[in-house]
$ cat upload-v1.cif   # mmCIF, C-alpha atoms
data_start
#
loop_
_atom_site.label_atom_id
_atom_site.label_comp_id
_atom_site.auth_asym_id
_atom_site.auth_seq_id
_atom_site.Cartn_x
_atom_site.Cartn_y
_atom_site.Cartn_z
CA MET A 1 -169.17 110.66 -153.77
CA ILE A 2 -168.46 113.00 -156.67
CA GLU A 3 -166.48 111.32 -159.44
CA ARG A 4 -162.80 112.03 -160.02
CA ALA A 5 -160.70 112.42 -163.15
CA PRO A 6 -157.04 113.01 -164.03
CA PHE A 7 -156.21 116.70 -163.62
CA GLY A 8 -154.39 117.11 -166.88
CA ALA A 9 -150.86 115.72 -166.79
CA THR A 10 -150.31 116.52 -163.10
CA GLY A 11 -150.81 112.93 -161.98
CA HIS A 12 -153.54 114.01 -159.54
CA GLU A 13 -157.01 112.48 -159.60
CA SER A 14 -159.13 115.52 -158.81
CA SER A 15 -162.78 115.59 -157.91
CA ARG A 16 -164.59 116.88 -161.00
CA VAL A 17 -166.03 119.57 -158.77
CA ILE A 18 -163.34 121.88 -157.36
CA PHE A 19 -164.08 124.03 -154.34
CA GLY A 20 -163.93 127.72 -155.26
CA ALA A 21 -162.67 129.25 -152.02
CA ALA A 22 -163.72 132.74 -153.10
CA ALA A 23 -166.86 131.78 -151.18
CA LEU A 24 -164.82 132.11 -147.97
CA ALA A 25 -163.58 135.63 -148.66
CA GLN A 26 -165.70 137.14 -145.90
CA SER A 27 -166.76 134.01 -144.04
CA SER A 28 -166.41 133.31 -140.34
CA LYS A 29 -164.41 130.40 -138.93
CA ASP A 30 -167.72 128.63 -138.18
CA ASP A 31 -168.80 128.99 -141.82
CA ALA A 32 -165.44 127.62 -142.93
CA ASP A 33 -165.69 124.65 -140.55
CA ARG A 34 -169.16 123.77 -141.87
CA THR A 35 -167.88 124.09 -145.43
CA LEU A 36 -164.98 121.73 -144.75
CA GLU A 37 -167.33 119.05 -143.41
CA LEU A 38 -169.46 119.39 -146.53
CA LEU A 39 -166.45 119.06 -148.84
CA LEU A 40 -165.23 115.94 -147.05
CA GLU A 41 -168.72 114.44 -147.14
CA HIS A 42 -168.82 114.75 -150.94
CA GLY A 43 -165.20 113.72 -151.57
CA ILE A 44 -163.89 117.08 -152.77
CA ASN A 45 -160.11 116.91 -152.82
CA HIS A 46 -159.15 120.05 -154.75
CA ILE A 47 -159.31 123.70 -153.57
CA ASP A 48 -158.97 126.82 -155.70
CA VAL A 49 -158.08 129.95 -153.73
CA ALA A 50 -156.33 133.25 -154.46
CA ALA A 51 -154.38 136.01 -152.78
CA ALA A 52 -157.16 138.41 -153.77
CA TYR A 53 -159.94 136.41 -152.06
CA GLY A 54 -160.08 138.33 -148.78
CA ASP A 55 -159.56 135.97 -145.82
CA ALA A 56 -160.00 132.80 -147.88
CA GLU A 57 -156.37 131.65 -147.63
CA LEU A 58 -156.49 132.14 -143.86
CA ARG A 59 -159.74 130.16 -143.63
CA VAL A 60 -158.31 127.28 -145.68
CA ALA A 61 -155.04 127.13 -143.71
CA PRO A 62 -156.35 125.08 -140.73
CA TRP A 63 -157.84 122.49 -143.12
CA LEU A 64 -154.43 121.74 -144.59
CA LYS A 65 -153.00 120.66 -141.26
CA GLU A 66 -155.33 117.65 -141.07
CA HIS A 67 -156.59 116.89 -144.58
CA GLU A 68 -155.10 116.17 -148.00
CA PHE A 69 -156.16 118.57 -150.75
CA PHE A 70 -154.72 119.57 -154.08
CA VAL A 71 -154.27 123.30 -153.40
CA ALA A 72 -154.13 125.92 -156.13
CA THR A 73 -153.73 129.59 -155.32
CA LYS A 74 -153.38 132.60 -157.63
CA THR A 75 -151.39 135.76 -158.05
CA GLY A 76 -152.87 138.77 -159.80
CA LYS A 77 -149.54 140.57 -159.99
CA ARG A 78 -147.89 141.05 -163.37
CA THR A 79 -144.22 141.76 -162.61
CA TYR A 80 -141.63 139.31 -161.31
CA ALA A 81 -140.97 141.14 -158.04
CA GLU A 82 -144.63 141.68 -157.15
CA ALA A 83 -145.66 138.14 -158.07
CA LYS A 84 -142.76 136.61 -156.12
CA GLU A 85 -143.76 138.60 -153.04
CA GLU A 86 -147.42 137.58 -153.39
CA ILE A 87 -146.59 133.88 -153.88
CA HIS A 88 -144.53 133.86 -150.68
CA ARG A 89 -147.28 135.74 -148.84
CA SER A 90 -149.85 133.15 -149.96
CA LEU A 91 -147.69 130.31 -148.64
CA GLU A 92 -147.43 132.16 -145.33
CA ARG A 93 -151.18 132.75 -145.10
CA LEU A 94 -151.91 129.14 -146.03
CA GLY A 95 -149.42 127.94 -143.42
CA VAL A 96 -147.58 125.64 -145.85
CA ASP A 97 -144.14 125.46 -147.42
CA HIS A 98 -145.51 124.63 -150.87
CA VAL A 99 -148.74 124.42 -152.87
CA ASP A 100 -149.66 122.21 -155.78
CA SER A 101 -150.35 125.01 -158.26
CA ILE A 102 -149.86 128.73 -158.73
CA GLN A 103 -152.12 130.35 -161.31
CA LEU A 104 -151.72 133.71 -163.05
CA HIS A 105 -155.03 135.30 -162.10
CA ASN A 106 -157.38 136.78 -164.72
CA LEU A 107 -154.72 137.18 -167.40
CA VAL A 108 -156.87 138.65 -170.18
CA ASP A 109 -155.85 142.27 -170.86
CA VAL A 110 -153.37 142.21 -173.75
CA ILE A 111 -150.95 144.68 -172.16
CA GLU A 112 -150.97 142.88 -168.80
CA TRP A 113 -150.61 139.58 -170.66
CA ASP A 114 -147.47 140.79 -172.40
CA VAL A 115 -145.96 142.11 -169.16
CA ALA A 116 -146.70 138.92 -167.21
CA LEU A 117 -145.37 136.53 -169.86
CA SER A 118 -142.29 138.51 -170.90
CA GLY A 119 -138.89 138.86 -169.22
CA GLY A 120 -139.25 140.28 -165.73
CA GLY A 121 -142.90 139.22 -165.59
CA ALA A 122 -145.01 137.17 -163.19
CA LEU A 123 -144.39 133.97 -165.13
CA GLU A 124 -140.71 134.17 -164.22
CA ALA A 125 -141.66 134.28 -160.55
CA ALA A 126 -143.93 131.25 -160.98
CA ILE A 127 -141.21 129.29 -162.76
CA GLU A 128 -138.69 130.21 -160.08
CA ALA A 129 -141.16 129.07 -157.38
CA ARG A 130 -141.56 125.78 -159.24
CA ASP A 131 -137.78 125.33 -159.52
CA GLU A 132 -137.47 125.96 -155.78
CA GLY A 133 -140.17 123.41 -154.93
CA LEU A 134 -142.62 126.02 -153.67
CA VAL A 135 -145.18 125.05 -156.32
CA ALA A 136 -145.52 121.97 -158.49
CA PHE A 137 -147.60 123.30 -161.40
CA ILE A 138 -148.45 126.57 -163.12
CA GLY A 139 -151.85 127.59 -164.50
CA VAL A 140 -153.63 130.60 -165.97
CA THR A 141 -157.17 131.88 -165.37
CA GLY A 142 -159.51 134.47 -166.84
CA HIS A 143 -162.99 135.96 -167.21
CA GLY A 144 -164.77 137.47 -170.19
CA LEU A 145 -165.46 136.83 -173.87
CA SER A 146 -161.85 136.96 -174.98
CA VAL A 147 -160.43 134.59 -172.38
CA PRO A 148 -160.46 131.30 -174.38
CA LYS A 149 -158.56 133.00 -177.20
CA MET A 150 -156.10 134.55 -174.73
CA HIS A 151 -155.57 131.18 -173.06
CA SER A 152 -154.79 129.67 -176.46
CA ARG A 153 -152.19 132.40 -176.93
CA SER A 154 -150.83 131.71 -173.45
CA LEU A 155 -150.41 128.02 -174.30
CA GLU A 156 -148.41 129.01 -177.38
CA ARG A 157 -146.09 131.03 -175.15
CA PHE A 158 -145.70 128.56 -172.25
CA ASP A 159 -146.65 125.01 -171.27
CA PHE A 160 -149.23 125.84 -168.61
CA ASP A 161 -150.58 122.85 -166.69
CA SER A 162 -154.14 124.19 -166.39
CA VAL A 163 -156.47 126.88 -167.68
CA LEU A 164 -159.72 128.28 -166.26
CA CYS A 165 -162.55 130.12 -168.03
CA PRO A 166 -166.36 130.58 -168.06
CA TYR A 167 -168.51 127.74 -169.34
CA ASN A 168 -172.27 127.30 -169.20
CA SER A 169 -175.07 126.54 -171.64
CA VAL A 170 -176.08 130.12 -172.39
CA GLN A 171 -172.53 131.41 -172.84
CA MET A 172 -171.89 128.60 -175.32
CA GLN A 173 -174.83 129.81 -177.41
CA ASP A 174 -172.62 132.75 -178.38
CA GLU A 175 -171.02 131.44 -181.58
CA ARG A 176 -167.89 133.54 -181.16
CA TYR A 177 -167.34 132.32 -177.63
CA ALA A 178 -168.17 128.70 -178.44
CA GLU A 179 -165.71 128.65 -181.34
CA THR A 180 -162.80 129.94 -179.26
CA PHE A 181 -163.72 127.74 -176.28
CA ASP A 182 -163.85 124.62 -178.47
CA GLU A 183 -160.49 125.54 -179.99
CA LEU A 184 -159.00 125.91 -176.51
CA ALA A 185 -160.57 122.61 -175.42
CA ARG A 186 -159.00 120.83 -178.41
CA THR A 187 -155.58 122.21 -177.53
CA CYS A 188 -156.00 121.20 -173.90
CA GLY A 189 -157.00 117.71 -174.98
CA GLU A 190 -154.02 117.35 -177.30
CA ARG A 191 -151.54 118.64 -174.71
CA ASP A 192 -153.15 117.12 -171.60
CA VAL A 193 -153.83 120.50 -169.98
CA ALA A 194 -156.52 120.55 -167.27
CA LEU A 195 -159.58 122.58 -168.33
CA GLN A 196 -161.34 124.24 -165.39
CA THR A 197 -164.64 126.08 -165.75
CA ILE A 198 -166.52 128.73 -163.79
CA LYS A 199 -169.97 130.38 -163.73
CA ALA A 200 -171.95 127.12 -163.99
CA LEU A 201 -174.77 128.59 -161.88
CA ALA A 202 -174.94 132.05 -163.44
CA ARG A 203 -178.53 133.09 -164.15
CA ALA A 204 -177.91 136.67 -165.31
CA PRO A 205 -176.16 139.93 -164.39
CA TRP A 206 -177.84 141.70 -161.46
CA GLU A 207 -178.52 144.80 -163.59
CA GLY A 208 -179.63 146.93 -160.67
CA ARG A 209 -181.69 144.29 -158.88
CA GLU A 210 -181.19 143.70 -155.16
CA HIS A 211 -178.30 141.32 -154.48
CA THR A 212 -179.60 138.23 -152.71
CA ALA A 213 -176.34 136.26 -152.88
CA SER A 214 -172.67 137.01 -152.35
CA THR A 215 -171.84 136.46 -156.04
CA TRP A 216 -171.31 139.41 -158.43
CA TYR A 217 -173.96 137.87 -160.72
CA GLU A 218 -177.41 136.47 -159.95
CA PRO A 219 -177.00 132.71 -159.37
CA LEU A 220 -179.48 129.89 -159.75
CA THR A 221 -180.82 128.93 -156.32
CA GLU A 222 -183.57 126.34 -156.81
CA GLN A 223 -182.40 122.71 -156.64
CA ARG A 224 -184.09 121.70 -159.91
CA GLU A 225 -182.41 124.54 -161.78
CA ILE A 226 -179.05 123.89 -160.13
CA ASP A 227 -179.32 120.23 -161.11
CA LEU A 228 -179.79 121.15 -164.77
CA ALA A 229 -176.92 123.65 -164.82
CA VAL A 230 -174.46 121.39 -162.98
CA HIS A 231 -175.37 118.33 -165.02
CA TRP A 232 -174.95 120.31 -168.25
CA VAL A 233 -171.37 121.24 -167.33
CA LEU A 234 -170.46 117.77 -166.05
CA GLY A 235 -171.88 116.39 -169.30
CA ASN A 236 -168.61 117.49 -170.88
CA PRO A 237 -166.20 114.83 -169.54
CA GLN A 238 -163.17 117.01 -170.26
CA VAL A 239 -163.98 119.82 -167.84
CA PHE A 240 -163.80 120.45 -164.12
CA LEU A 241 -166.47 122.61 -162.45
CA LEU A 242 -165.53 125.22 -159.84
CA THR A 243 -168.18 125.85 -157.23
CA THR A 244 -169.96 129.19 -157.02
CA GLY A 245 -168.86 131.91 -154.62
CA ASP A 246 -171.68 131.52 -152.09
CA VAL A 247 -171.47 129.04 -149.22
CA GLU A 248 -175.27 128.94 -148.86
CA ILE A 249 -175.67 127.57 -152.39
CA LEU A 250 -172.74 125.15 -152.09
CA PRO A 251 -174.71 122.22 -150.54
CA ARG A 252 -177.20 122.25 -153.43
CA LEU A 253 -174.43 122.34 -156.02
CA LEU A 254 -172.56 119.43 -154.44
CA ASP A 255 -175.78 117.45 -154.09
CA ALA A 256 -176.51 117.99 -157.78
CA ALA A 257 -173.01 116.92 -158.77
CA GLU A 258 -173.19 113.73 -156.74
CA ARG A 259 -176.41 112.76 -158.53
CA TYR A 260 -175.08 113.45 -162.05
CA GLU A 261 -175.97 110.80 -164.63
CA THR A 262 -176.63 112.43 -168.01
CA ARG A 263 -176.47 115.86 -169.62
CA PRO A 264 -179.84 117.63 -170.02
CA ASP A 265 -180.98 118.50 -173.52
CA ASP A 266 -181.04 121.98 -175.06
CA GLU A 267 -184.77 122.40 -174.57
CA ALA A 268 -184.46 121.89 -170.80
CA MET A 269 -181.65 124.43 -170.63
CA ARG A 270 -183.53 127.03 -172.70
CA ALA A 271 -186.44 126.76 -170.25
CA LEU A 272 -184.19 128.23 -167.55
CA GLU A 273 -184.17 131.54 -169.46
CA LEU A 274 -180.55 132.33 -168.60
CA ALA A 275 -178.72 135.46 -169.76
CA PRO A 276 -175.02 135.47 -170.64
CA LEU A 277 -172.71 137.32 -168.24
CA PHE A 278 -170.32 138.28 -171.01
CA THR A 279 -171.58 139.93 -174.22
#

$ encode --input "upload-v1.cif" --output "structure tokens"
Amino acid sequence: MIERAPFGATGHESSRVIFGAAALAQSSKDDADRTLELLLEHGINHIDVAAAYGDAELRVAPWLKEHEFFVATKTGKRTYAEAKEEIHRSLERLGVDHVDSIQLHNLVDVIEWDVALSGGGALEAAIEARDEGLVAFIGVTGHGLSVPKMHSRSLERFDFDSVLCPYNSVQMQDERYAETFDELARTCGERDVALQTIKALARAPWEGREHTASTWYEPLTEQREIDLAVHWVLGNPQVFLLTTGDVEILPRLLDAAERYETRPDDEAMRALELAPLFT
């Protein structure tokens, strides 16, 4: 079974690998059923989904009738009214009267950030949902080079329970990114905020090559390479790893995570010849 750790100050012991339900955006019910069995086999007890992930919320809904998961969904809306509507729609699609966490999705653009976190913004809708018992916790997510710095700003504005951003060996070779990520990680550690990470299996941007996976970037696919990438991320005991958005790769990722013992060294990671997604 994949190890578990406290998910920030939420009181939940989450599997250190969190299922990224973006992989179910265009999946069939049969694909979803096979995925559920795989998650249960490896002890995954935390699902990350979003209103924007196609049919993913609908695919997850039947699971929640029979199994216990920490469920986090996301709203990409920036105003109070739009976010409130989307939160209620997500609950409907998931077939539940509450979820564990609502996350403000990809909050990176400075103008959108200001709208969402000011009066009449999406944060007000999230707080209202929390006050009404529709959600228990509130998080913030993002992609790109600036996201750790923006998350640090977000934590100055509001006591978010979790953050989510890219984290892999090649991205952390960018000194600018590493500095802001480490600063964010320190803040999360001091304030007991859960630190979730994405893009563990990113090999490189596609850059015109034929897409052979459902991810927007080229992922690692060989078990040996996946082992190295997964073990590198899990080598940081503070972070949680979200699975990649391709159900065909998922079994190899979970297998790697279950066999984690130690973090590979820099030389082993350089041999993978990865390229950063964000430059």

$ closest_residue --input "upload-v1.cif" --among "A:Asp33, A:Glu179, A:Asp100, A:Glu222" --to "A:Ile47" --atoms "all atoms listed in the file"
A:Asp100

$ axis_aligned_box --input "upload-v1.cif" --around "stretch 238-245 of chain A" --padding-each-side "5 Å" --output "AutoDock Vina command-line options"
--center_x -166.6 --center_y 124.5 --center_z -162.4 --size_x 16.8 --size_y 24.9 --size_z 25.6

$ residues_around --input "upload-v1.cif" --residues "stretch 11-25 of chain A" --least-positions-apart "4" --cutoff "6 Å" --atoms "all atoms listed in the file" --output "PyMOL selection string"
chain A and resi 3-7+44-49+53-56+240-243+245-247

$ closest_residue --input "upload-v1.cif" --among "A:Pro62, A:Gly95, A:Gly120, A:Gly144" --to "A:Ala83" --atoms "only C-alpha atoms"
A:Gly120

$ closest_atom_pairs --input "upload-v1.cif" --of "stretch 63-85 of chain A" --to "stretch 121-138 of chain A" --cutoff "6 Å" --atoms "all atoms listed in the file" --output "Markdown table"
| residue | atom | partner | partner_atom | distance |
| --- | --- | --- | --- | --- |
| A:Arg78 | CA | A:Ala122 | CA | 4.8 |
| A:Thr79 | CA | A:Gly121 | CA | 4.1 |
| A:Tyr80 | CA | A:Ala122 | CA | 4.4 |
| A:Ala83 | CA | A:Ala122 | CA | 5.3 |
| A:Lys84 | CA | A:Ala125 | CA | 5.1 |

$ resolve_selection --input "upload-v1.cif" --expression "the PyMOL selection byres ((chain A and resi 213) around 9)" --output "PyMOL selection string"
chain A and resi 211-212+214-219+245-246+248-249
